[in-house]
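Have a look at run23.json; it's JSON, C-alpha atoms:
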```json
[["chain", "number", "residue", "atom", "x", "y", "z"],
["A", 1, "MET", "CA", 68.83, 148.56, 111.71],
["A", 2, "PRO", "CA", 65.84, 146.41, 110.70],
["A", 3, "GLU", "CA", 67.47, 145.25, 107.46],
["A", 4, "THR", "CA", 70.01, 143.20, 109.41],
["A", 5, "LYS", "CA", 67.17, 141.23, 111.01],
["A", 6, "ILE", "CA", 66.56, 139.59, 107.64],
["A", 7, "GLY", "CA", 70.24, 139.06, 106.91],
["A", 8, "PHE", "CA", 70.56, 142.11, 104.67],
["A", 9, "PHE", "CA", 72.18, 145.52, 105.28],
["A", 10, "PRO", "CA", 71.01, 149.16, 105.61],
["A", 11, "ASP", "CA", 70.78, 150.43, 102.01],
["A", 12, "VAL", "CA", 69.04, 153.26, 100.06],
["A", 13, "GLY", "CA", 71.84, 155.67, 100.99],
["A", 14, "ALA", "CA", 72.12, 154.62, 104.65],
["A", 15, "SER", "CA", 75.87, 154.12, 104.31],
["A", 16, "TYR", "CA", 76.08, 157.82, 103.41],
["A", 17, "PHE", "CA", 73.72, 159.52, 105.88],
["A", 18, "LEU", "CA", 74.00, 157.29, 108.98],
["A", 19, "PRO", "CA", 77.76, 157.88, 109.49],
["A", 20, "ARG", "CA", 77.10, 161.61, 109.33],
["A", 21, "LEU", "CA", 74.70, 161.67, 112.27],
["A", 22, "ASP", "CA", 75.86, 163.05, 115.60],
["A", 23, "GLY", "CA", 77.83, 160.47, 117.55],
["A", 24, "GLU", "CA", 76.89, 156.83, 116.97],
["A", 25, "VAL", "CA", 73.10, 157.26, 116.91],
["A", 26, "GLU", "CA", 71.26, 155.30, 114.23],
["A", 27, "THR", "CA", 67.66, 154.36, 115.20],
["A", 28, "LEU", "CA", 65.34, 157.37, 115.50],
["A", 29, "VAL", "CA", 61.64, 158.20, 115.43],
["A", 30, "GLY", "CA", 59.46, 161.32, 115.48],
["A", 31, "ARG", "CA", 61.10, 164.51, 116.74],
["A", 32, "GLU", "CA", 64.38, 162.63, 117.20],
["A", 33, "VAL", "CA", 64.80, 162.43, 113.42],
["A", 34, "PHE", "CA", 64.97, 166.24, 113.39],
["A", 35, "GLU", "CA", 67.01, 166.61, 116.58],
["A", 36, "HIS", "CA", 69.75, 164.26, 115.39],
["A", 37, "GLY", "CA", 70.11, 165.74, 111.93],
["A", 38, "LEU", "CA", 68.20, 163.47, 109.55],
["A", 39, "ALA", "CA", 65.40, 165.95, 108.89],
["A", 40, "THR", "CA", 65.60, 169.69, 108.35],
["A", 41, "HIS", "CA", 62.35, 170.50, 110.19],
["A", 42, "TYR", "CA", 59.82, 169.09, 112.63],
["A", 43, "ILE", "CA", 56.16, 169.98, 113.01],
["A", 44, "THR", "CA", 53.31, 168.13, 114.69],
["A", 45, "SER", "CA", 50.94, 166.07, 112.56],
["A", 46, "ARG", "CA", 48.05, 168.41, 113.34],
["A", 47, "SER", "CA", 50.03, 171.28, 111.76],
["A", 48, "VAL", "CA", 50.38, 169.52, 108.41],
["A", 49, "PRO", "CA", 47.09, 170.84, 106.86],
["A", 50, "THR", "CA", 48.08, 174.40, 107.82],
["A", 51, "LEU", "CA", 51.55, 173.92, 106.36],
["A", 52, "LEU", "CA", 50.15, 172.59, 103.08],
["A", 53, "ALA", "CA", 47.81, 175.57, 102.81],
["A", 54, "HIS", "CA", 50.64, 178.04, 103.46],
["A", 55, "LEU", "CA", 52.91, 176.36, 100.93],
["A", 56, "ALA", "CA", 50.17, 176.29, 98.31],
["A", 57, "ALA", "CA", 49.74, 180.05, 98.72],
["A", 58, "LEU", "CA", 53.37, 180.73, 97.77],
["A", 59, "GLU", "CA", 54.14, 181.67, 94.19],
["A", 60, "ASN", "CA", 57.44, 180.42, 92.81],
["A", 61, "PRO", "CA", 58.91, 180.17, 96.33],
["A", 62, "SER", "CA", 62.62, 180.03, 97.02],
["A", 63, "PHE", "CA", 64.15, 177.46, 99.38],
["A", 64, "SER", "CA", 64.51, 180.21, 101.98],
["A", 65, "GLN", "CA", 60.81, 181.08, 101.78],
["A", 66, "ILE", "CA", 59.85, 177.44, 102.18],
["A", 67, "ASN", "CA", 62.20, 177.17, 105.14],
["A", 68, "ARG", "CA", 60.65, 180.19, 106.87],
["A", 69, "THR", "CA", 57.14, 178.90, 106.22],
["A", 70, "ILE", "CA", 57.89, 175.58, 107.89],
["A", 71, "GLU", "CA", 59.80, 177.22, 110.75],
["A", 72, "GLU", "CA", 56.72, 179.26, 111.64],
["A", 73, "LEU", "CA", 54.94, 176.05, 112.62],
["A", 74, "HIS", "CA", 57.79, 174.55, 114.65],
["A", 75, "ILE", "CA", 56.90, 173.76, 118.28],
["A", 76, "GLU", "CA", 59.66, 173.29, 120.83],
["A", 77, "ARG", "CA", 59.68, 170.18, 123.02],
["A", 78, "GLN", "CA", 57.13, 170.81, 125.76],
["A", 79, "PRO", "CA", 57.81, 170.32, 129.51],
["A", 80, "ASN", "CA", 55.32, 167.45, 129.64],
["A", 81, "GLU", "CA", 56.78, 165.84, 126.51],
["A", 82, "ALA", "CA", 59.08, 162.85, 127.04],
["A", 83, "SER", "CA", 62.71, 163.59, 126.32],
["A", 84, "GLY", "CA", 64.45, 161.82, 123.47],
["A", 85, "LYS", "CA", 65.41, 158.25, 124.36],
["A", 86, "LEU", "CA", 68.87, 158.61, 122.81],
["A", 87, "THR", "CA", 70.19, 161.43, 124.98],
["A", 88, "GLY", "CA", 72.20, 161.71, 128.19],
["A", 89, "THR", "CA", 73.76, 158.52, 129.56],
["A", 90, "VAL", "CA", 72.14, 156.34, 126.87],
["A", 91, "ARG", "CA", 73.78, 158.42, 124.16],
["A", 92, "GLU", "CA", 77.11, 158.27, 126.01],
["A", 93, "ALA", "CA", 76.93, 154.47, 126.23],
["A", 94, "LEU", "CA", 76.14, 154.17, 122.51],
["A", 95, "ASP", "CA", 78.99, 156.46, 121.54],
["A", 96, "VAL", "CA", 81.44, 154.43, 123.63],
["A", 97, "ALA", "CA", 80.26, 151.06, 122.26],
["A", 98, "PHE", "CA", 80.02, 152.00, 118.59],
["A", 99, "ARG", "CA", 83.33, 153.85, 118.42],
["A", 100, "HIS", "CA", 84.90, 150.44, 117.75],
["A", 101, "ASN", "CA", 85.52, 149.22, 114.22],
["A", 102, "THR", "CA", 84.77, 145.55, 114.81],
["A", 103, "VAL", "CA", 81.44, 143.91, 115.53],
["A", 104, "GLU", "CA", 83.07, 141.73, 118.19],
["A", 105, "GLU", "CA", 84.21, 144.75, 120.22],
["A", 106, "ILE", "CA", 80.87, 146.52, 119.85],
["A", 107, "ILE", "CA", 78.91, 143.49, 121.07],
["A", 108, "GLN", "CA", 81.34, 142.96, 123.95],
["A", 109, "ASN", "CA", 80.99, 146.58, 125.03],
["A", 110, "LEU", "CA", 77.18, 146.55, 124.76],
["A", 111, "GLU", "CA", 76.88, 143.32, 126.73],
["A", 112, "ALA", "CA", 79.16, 144.69, 129.44],
["A", 113, "SER", "CA", 77.19, 147.93, 129.77],
["A", 114, "THR", "CA", 73.66, 146.51, 129.48],
["A", 115, "GLU", "CA", 74.10, 143.03, 130.98],
["A", 116, "ALA", "CA", 72.06, 141.68, 128.07],
["A", 117, "SER", "CA", 72.73, 140.04, 124.74],
["A", 118, "ASP", "CA", 70.87, 139.81, 121.46],
["A", 119, "THR", "CA", 70.36, 136.14, 120.66],
["A", 120, "ARG", "CA", 69.19, 137.08, 117.16],
["A", 121, "VAL", "CA", 72.55, 138.61, 116.18],
["A", 122, "ARG", "CA", 73.12, 138.35, 112.41],
["A", 123, "PRO", "CA", 76.88, 137.71, 112.07],
["A", 124, "THR", "CA", 77.58, 138.31, 108.37],
["A", 125, "SER", "CA", 74.97, 141.03, 108.01],
["A", 126, "LEU", "CA", 76.38, 143.00, 110.95],
["A", 127, "LYS", "CA", 79.93, 142.85, 109.65],
["A", 128, "VAL", "CA", 78.88, 143.93, 106.16],
["A", 129, "ALA", "CA", 76.71, 146.74, 107.58],
["A", 130, "LEU", "CA", 79.48, 148.04, 109.85],
["A", 131, "LEU", "CA", 82.09, 148.14, 107.09],
["A", 132, "ALA", "CA", 79.63, 149.89, 104.76],
["A", 133, "GLN", "CA", 79.05, 152.55, 107.43],
["A", 134, "ARG", "CA", 82.74, 153.09, 108.01],
["A", 135, "ARG", "CA", 83.53, 153.36, 104.28],
["A", 136, "GLY", "CA", 80.48, 155.48, 103.53],
["A", 137, "ARG", "CA", 81.63, 158.13, 105.99],
["A", 138, "HIS", "CA", 84.33, 159.15, 103.51],
["A", 139, "MET", "CA", 82.28, 158.82, 100.31],
["A", 140, "SER", "CA", 80.06, 161.10, 98.29],
["A", 141, "LEU", "CA", 76.39, 160.13, 98.04],
["A", 142, "SER", "CA", 76.85, 158.71, 94.55],
["A", 143, "GLU", "CA", 79.89, 156.68, 95.65],
["A", 144, "ALA", "CA", 78.00, 155.30, 98.64],
["A", 145, "MET", "CA", 75.02, 154.36, 96.47],
["A", 146, "GLN", "CA", 77.34, 152.58, 94.03],
["A", 147, "MET", "CA", 78.90, 150.65, 96.91],
["A", 148, "GLU", "CA", 75.44, 149.68, 98.17],
["A", 149, "ILE", "CA", 74.22, 148.42, 94.79],
["A", 150, "GLY", "CA", 77.36, 146.27, 94.69],
["A", 151, "ILE", "CA", 76.62, 144.84, 98.14],
["A", 152, "ALA", "CA", 72.96, 144.23, 97.26],
["A", 153, "THR", "CA", 74.01, 142.48, 94.04],
["A", 154, "ALA", "CA", 76.38, 140.24, 95.98],
["A", 155, "TYR", "CA", 73.57, 139.25, 98.35],
["A", 156, "CYS", "CA", 71.35, 138.29, 95.41],
["A", 157, "THR", "CA", 73.85, 136.64, 93.04],
["A", 158, "PHE", "CA", 74.09, 132.87, 92.64],
["A", 159, "ILE", "CA", 77.12, 131.49, 90.78],
["A", 160, "ALA", "CA", 76.99, 127.76, 90.21],
["A", 161, "THR", "CA", 80.57, 127.54, 88.91],
["A", 162, "THR", "CA", 82.27, 128.85, 92.06],
["A", 163, "PRO", "CA", 83.14, 126.76, 95.15],
["A", 164, "GLN", "CA", 80.85, 129.06, 97.17],
["A", 165, "SER", "CA", 77.74, 129.51, 95.02],
["A", 166, "ASP", "CA", 76.65, 132.73, 96.79],
["A", 167, "ALA", "CA", 78.30, 135.41, 98.87],
["A", 168, "SER", "CA", 75.99, 134.55, 101.78],
["A", 169, "GLN", "CA", 72.81, 132.54, 102.23],
["A", 170, "ASP", "CA", 71.68, 134.74, 105.11],
["A", 171, "PHE", "CA", 69.44, 137.07, 103.08],
["A", 172, "HIS", "CA", 67.46, 134.07, 101.79],
["A", 173, "THR", "CA", 67.47, 132.57, 105.29],
["A", 174, "GLY", "CA", 66.27, 135.80, 106.90],
["A", 175, "ILE", "CA", 63.48, 136.43, 104.39],
["A", 176, "THR", "CA", 62.26, 132.84, 104.71],
["A", 177, "ALA", "CA", 62.30, 132.98, 108.50],
["A", 178, "ALA", "CA", 60.59, 136.38, 108.80],
["A", 179, "LEU", "CA", 58.06, 136.39, 105.96],
["A", 180, "ILE", "CA", 57.37, 132.76, 105.06],
["A", 181, "ASP", "CA", 57.93, 130.53, 108.08],
["A", 182, "LYS", "CA", 57.47, 133.45, 110.51],
["A", 183, "ILE", "CA", 59.59, 131.81, 113.16],
["A", 184, "GLN", "CA", 60.05, 133.55, 116.51],
["A", 185, "GLY", "CA", 63.48, 132.19, 117.30],
["A", 186, "ARG", "CA", 66.90, 132.63, 115.77],
["A", 187, "PRO", "CA", 67.22, 131.74, 112.05],
["A", 188, "GLY", "CA", 69.98, 129.41, 110.96],
["A", 189, "TRP", "CA", 72.59, 131.99, 110.03],
["A", 190, "SER", "CA", 75.75, 130.75, 108.33],
["A", 191, "PRO", "CA", 78.25, 131.36, 109.84],
["A", 192, "ASP", "CA", 76.37, 131.36, 113.14],
["A", 193, "ASN", "CA", 78.93, 133.34, 115.15],
["A", 194, "VAL", "CA", 80.55, 136.71, 114.40],
["A", 195, "THR", "CA", 84.00, 135.32, 115.11],
["A", 196, "ASP", "CA", 83.51, 132.85, 112.25],
["A", 197, "VAL", "CA", 82.78, 135.56, 109.67],
["A", 198, "SER", "CA", 86.19, 135.86, 108.04],
["A", 199, "PRO", "CA", 87.58, 138.86, 106.14],
["A", 200, "GLU", "CA", 87.29, 136.72, 103.01],
["A", 201, "ILE", "CA", 83.53, 136.42, 103.49],
["A", 202, "VAL", "CA", 83.12, 140.16, 104.02],
["A", 203, "ASP", "CA", 85.35, 140.85, 101.02],
["A", 204, "ARG", "CA", 82.81, 139.14, 98.74],
["A", 205, "PHE", "CA", 80.56, 142.19, 99.22],
["A", 206, "PHE", "CA", 83.18, 144.92, 98.75],
["A", 207, "SER", "CA", 86.05, 143.79, 96.53],
["A", 208, "GLU", "CA", 86.08, 145.11, 92.97],
["A", 209, "HIS", "CA", 87.22, 141.64, 91.93],
["A", 210, "SER", "CA", 84.40, 139.81, 93.69],
["A", 211, "PRO", "CA", 82.42, 137.70, 91.17],
["A", 212, "TYR", "CA", 79.31, 138.25, 93.27],
["A", 213, "ARG", "CA", 79.43, 141.97, 92.48],
["A", 214, "SER", "CA", 80.15, 141.61, 88.79],
["A", 215, "LEU", "CA", 76.54, 142.11, 87.67],
["A", 216, "ALA", "CA", 76.07, 145.35, 89.63],
["A", 217, "PRO", "CA", 74.86, 148.16, 87.33],
["A", 218, "LYS", "CA", 76.72, 151.45, 87.11],
["A", 219, "LEU", "CA", 74.66, 154.19, 88.71],
["A", 220, "SER", "CA", 74.44, 157.72, 87.32],
["A", 221, "VAL", "CA", 73.07, 160.81, 89.03],
["A", 222, "ASP", "CA", 74.28, 163.37, 86.50],
["A", 223, "ASN", "CA", 70.75, 164.50, 85.68],
["A", 224, "PHE", "CA", 69.42, 164.57, 89.22],
["A", 225, "PRO", "CA", 67.84, 168.03, 89.74],
["A", 226, "GLY", "CA", 69.26, 170.07, 92.59],
["A", 227, "ARG", "CA", 71.95, 167.49, 93.36],
["A", 228, "ASN", "CA", 74.53, 170.19, 94.06],
["A", 229, "PHE", "CA", 72.37, 171.95, 96.65],
["A", 230, "ASP", "CA", 72.90, 171.04, 100.30],
["A", 231, "PHE", "CA", 69.39, 170.85, 101.73],
["A", 232, "MET", "CA", 70.82, 170.27, 105.20],
["A", 233, "THR", "CA", 71.65, 173.97, 105.19],
["A", 234, "TYR", "CA", 68.26, 174.33, 106.87],
["A", 235, "SER", "CA", 68.77, 171.61, 109.48],
["A", 236, "LEU", "CA", 70.00, 171.94, 113.05],
["A", 237, "PRO", "CA", 73.74, 172.60, 113.38],
["A", 238, "SER", "CA", 75.65, 169.36, 113.91],
["A", 239, "GLU", "CA", 77.13, 168.50, 117.27],
["A", 240, "SER", "CA", 80.64, 169.03, 115.92],
["A", 241, "GLU", "CA", 79.67, 172.55, 114.84],
["A", 242, "LEU", "CA", 78.38, 173.42, 118.32],
["A", 243, "LEU", "CA", 81.12, 171.67, 120.28],
["A", 244, "ASP", "CA", 83.88, 174.16, 119.47],
["A", 245, "SER", "CA", 81.83, 177.07, 120.80],
["A", 246, "ILE", "CA", 80.71, 175.17, 123.89],
["A", 247, "ARG", "CA", 84.23, 173.90, 124.60],
["A", 248, "SER", "CA", 85.89, 177.29, 124.22],
["A", 249, "THR", "CA", 83.32, 178.96, 126.47],
["A", 250, "CYS", "CA", 83.45, 176.30, 129.20],
["A", 251, "ALA", "CA", 87.23, 175.82, 129.04],
["A", 252, "LYS", "CA", 87.73, 179.30, 130.53],
["A", 253, "GLY", "CA", 86.26, 178.03, 133.80],
["A", 254, "PRO", "CA", 82.82, 177.31, 135.24],
["A", 255, "VAL", "CA", 80.07, 179.13, 133.34],
["A", 256, "THR", "CA", 76.41, 179.40, 134.17],
["A", 257, "ILE", "CA", 74.16, 177.62, 131.71],
["A", 258, "PRO", "CA", 72.05, 180.77, 131.17],
["A", 259, "GLY", "CA", 75.31, 182.62, 130.42],
["A", 260, "LEU", "CA", 76.40, 179.90, 128.00],
["A", 261, "LEU", "CA", 73.08, 180.11, 126.18],
["A", 262, "ARG", "CA", 73.44, 183.90, 125.92],
["A", 263, "THR", "CA", 76.90, 183.41, 124.39],
["A", 264, "LEU", "CA", 75.39, 181.08, 121.79],
["A", 265, "ASP", "CA", 72.27, 183.18, 121.33],
["A", 266, "ASP", "CA", 72.91, 183.82, 117.63],
["A", 267, "ALA", "CA", 73.02, 180.09, 116.91],
["A", 268, "CYS", "CA", 69.83, 179.55, 118.92],
["A", 269, "LYS", "CA", 68.00, 182.26, 117.00],
["A", 270, "ARG", "CA", 69.00, 180.89, 113.60],
["A", 271, "LYS", "CA", 67.24, 177.56, 114.12],
["A", 272, "PHE", "CA", 64.52, 176.35, 116.46],
["A", 273, "GLY", "CA", 65.71, 173.35, 118.47],
["A", 274, "THR", "CA", 69.33, 174.52, 118.78],
["A", 275, "ARG", "CA", 68.91, 175.49, 122.44],
["A", 276, "GLU", "CA", 67.75, 171.99, 123.38],
["A", 277, "LYS", "CA", 70.63, 170.45, 121.45],
["A", 278, "ILE", "CA", 73.15, 172.66, 123.25],
["A", 279, "LEU", "CA", 71.73, 171.64, 126.63],
["A", 280, "ASP", "CA", 71.98, 167.94, 125.76],
["A", 281, "ILE", "CA", 75.63, 168.37, 124.72],
["A", 282, "VAL", "CA", 76.42, 170.33, 127.88],
["A", 283, "HIS", "CA", 74.96, 167.63, 130.15],
["A", 284, "ARG", "CA", 77.05, 164.96, 128.40],
["A", 285, "LYS", "CA", 80.32, 166.86, 127.96],
["A", 286, "CYS", "CA", 80.36, 168.99, 131.11],
["A", 287, "ASP", "CA", 80.07, 168.54, 134.84],
["A", 288, "VAL", "CA", 76.87, 170.37, 135.74],
["A", 289, "THR", "CA", 76.47, 171.58, 139.32],
["A", 290, "THR", "CA", 74.27, 174.14, 141.06],
["A", 291, "ILE", "CA", 76.04, 177.15, 142.52],
["A", 292, "ASN", "CA", 74.00, 179.74, 144.40],
["A", 293, "GLY", "CA", 70.85, 178.32, 142.84],
["A", 294, "THR", "CA", 72.14, 178.56, 139.25],
["A", 295, "ALA", "CA", 73.10, 175.61, 137.05],
["A", 296, "THR", "CA", 76.80, 175.86, 136.19],
["A", 297, "ALA", "CA", 78.83, 173.86, 133.67],
["A", 298, "THR", "CA", 82.53, 172.93, 133.70],
["A", 299, "TRP", "CA", 84.12, 171.23, 130.70],
["A", 300, "LYS", "CA", 85.14, 167.64, 131.51],
["A", 301, "GLY", "CA", 88.23, 167.75, 129.36],
["A", 302, "GLU", "CA", 89.45, 165.85, 126.34],
["A", 303, "SER", "CA", 88.54, 162.52, 127.94],
["A", 304, "SER", "CA", 84.99, 163.23, 126.79],
["A", 305, "ARG", "CA", 84.54, 161.95, 123.27],
["A", 306, "CYS", "CA", 83.57, 164.66, 120.79]]
```

Output the file's structure as structure tokens, nothing else.
Amino acid sequence: MPETKIGFFPDVGASYFLPRLDGEVETLVGREVFEHGLATHYITSRSVPTLLAHLAALENPSFSQINRTIEELHIERQPNEASGKLTGTVREALDVAFRHNTVEEIIQNLEASTEASDTRVRPTSLKVALLAQRRGRHMSLSEAMQMEIGIATAYCTFIATTPQSDASQDFHTGITAALIDKIQGRPGWSPDNVTDVSPEIVDRFFSEHSPYRSLAPKLSVDNFPGRNFDFMTYSLPSESELLDSIRSTCAKGPVTIPGLLRTLDDACKRKFGTREKILDIVHRKCDVTTINGTATATWKGESSRC
């Protein structure tokens, strides 16, 4: 995430919504934002004026009416359109690497699979960001936001009376390097290596007893309109929702992909884009072969991460 490049962490609710994406995907653009579950709909930019006109013509519309209006302008991925960059083997590699709960293991796995390393790695920032993601997975949105305001406060608090005047100097270092000095190389992170970022350092950003978090305000969302409505009702089904149906169908033995799609036809009809998502899952979780000219899928077994 770009925030770590300046020694900070992914905030504004990122600790809530990023852990809820399919697999371990986190950096998305364009249609991918819709395909991986961050957006409820996708339309091309040239369709926006038409959409605005259609929405303006609605009188006191319900959420369902708005959903149908946007769906009418959805365009499936075209044959000449590049496939998403975070699918297939790339997605598999990311899921394997980021299943770990330590930055050290993730970096080791990525370096082994890509034969490359990121010389700009931000040690403290990455450890804080990873723990926020792991904790946020089990929090409500308001709880995650409260955690994030505590982390942000710790990054920005200076306490002259403590042995360590700030939780980390890296945010100041990163901002100075990127926006003021505009250096191209690696800023002087402290600590400079992930193995030197101790649990005590990370704890400064999360512990309820941390003096660096003591000035964090208490957030309240009690008066937020519509906060009890799940707007992702209108998004693509998650991978976990589709996996059970795909697994049960393929586990019975080899099944043709057209036959699999017919079995899941109801899900495909409910939301544009579901068919493409099913096919991506099948090509990652199944062995796909051609039998008598027809693509056929066989479930790989529980060794495939779900």

Legend entry - Who sits within 12 Å of range 54-60 of chain A, only C-alpha atoms, same chain under 5 positions skipped, as a PyMOL selection string: chain A and resi 47-49+65-73

Under the rule of at most 9 Å, produce a per-residue listing of range 7-123 of chain A near range 193-215 of chain A: chain, number, name, the closest pair of atoms, and the distance in Å, as JSON lines, using all atoms listed in the file.
```
{"residue": "A:Val103", "atom": "CA", "partner": "A:Val194", "partner_atom": "CA", "distance": 7.3}
{"residue": "A:Glu104", "atom": "CA", "partner": "A:Val194", "partner_atom": "CA", "distance": 6.8}
{"residue": "A:Val121", "atom": "CA", "partner": "A:Asn193", "partner_atom": "CA", "distance": 8.3}
{"residue": "A:Arg122", "atom": "CA", "partner": "A:Val194", "partner_atom": "CA", "distance": 7.9}
{"residue": "A:Pro123", "atom": "CA", "partner": "A:Val194", "partner_atom": "CA", "distance": 4.5}
```

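Distances from A:Gly253, A:Gly88, A:Gly13, A:Gly7 to Ile149 in chain A were compared using all atoms listed in the file, and the smallest one belongs to A:Gly13.
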
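Of the residues listed (A:Leu126, A:Val12, A:Ala297, A:Ile151), A:Ala297 shows the shortest atom-to-atom separation from Lys252 in chain A; distances use all atoms listed in the file.
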
Residue contacts of Ser142 in chain A (9 Å, only C-alpha atoms) excluding same-chain residues fewer than 5 positions away, as a PDB file with C-alpha atoms, keeping the file's coordinate frame:
```pdb
ATOM      1  CA  GLY A  13      71.840 155.670 100.990  1.00  0.00           C
ATOM      2  CA  TYR A  16      76.080 157.820 103.410  1.00  0.00           C
ATOM      3  CA  MET A 147      78.900 150.650  96.910  1.00  0.00           C
ATOM      4  CA  LEU A 219      74.660 154.190  88.710  1.00  0.00           C
ATOM      5  CA  SER A 220      74.440 157.720  87.320  1.00  0.00           C
ATOM      6  CA  VAL A 221      73.070 160.810  89.030  1.00  0.00           C
TER       7      VAL A 221
END
```

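Note that CA of Phe171 in chain A and CA of Val33 in chain A are 27.8 Å apart.
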
Inset, instruction - Work out how far CA of Phe63 in chain A is from CA of Leu261 in chain A, in Å to one decimal. - result: 28.4 Å

Inset, instruction - For Glu148 in chain A, work out the shell of residues within 9 Å, counting only C-alpha atoms and skipping chain neighbours fewer than 2 positions away, then give it as a list of chain:residue names. - result: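 Returned residues: A:Phe9, A:Pro10, A:Asp11, A:Val12, A:Gly13, A:Ala14, A:Ser15, A:Ala132, A:Glu143, A:Ala144, A:Met145, A:Gln146, A:Gly150, A:Ile151, A:Ala152, A:Thr153.
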
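In this model, the gap between CA of Val282 in chain A and CA of Asn80 in chain A comes to 21.4 Å.
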
Legend entry - Test item: which residues lie within 9 Å of (68.1, 168.3, 129.9) counting only C-alpha atoms, as a list in words: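 Residues close enough to count: Ser83, Thr87, Gly88, Glu276, Leu279, Asp280, Val282 and His283 of chain A.
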
Legend entry - Contact residues around Leu260 in chain A with only C-alpha atoms at 9 Å, ignoring same-chain residues under 5 positions, as a PyMOL selection string: chain A and resi 246+249-250+255+265+297

Inset, instruction - Would you list the residues near (70.7, 171.1, 107.2) (no more than 9 Å away, in the coordinates of the file, using all atoms listed in the file) as a PyMOL selection string? - result: chain A and resi 37-41+230-238
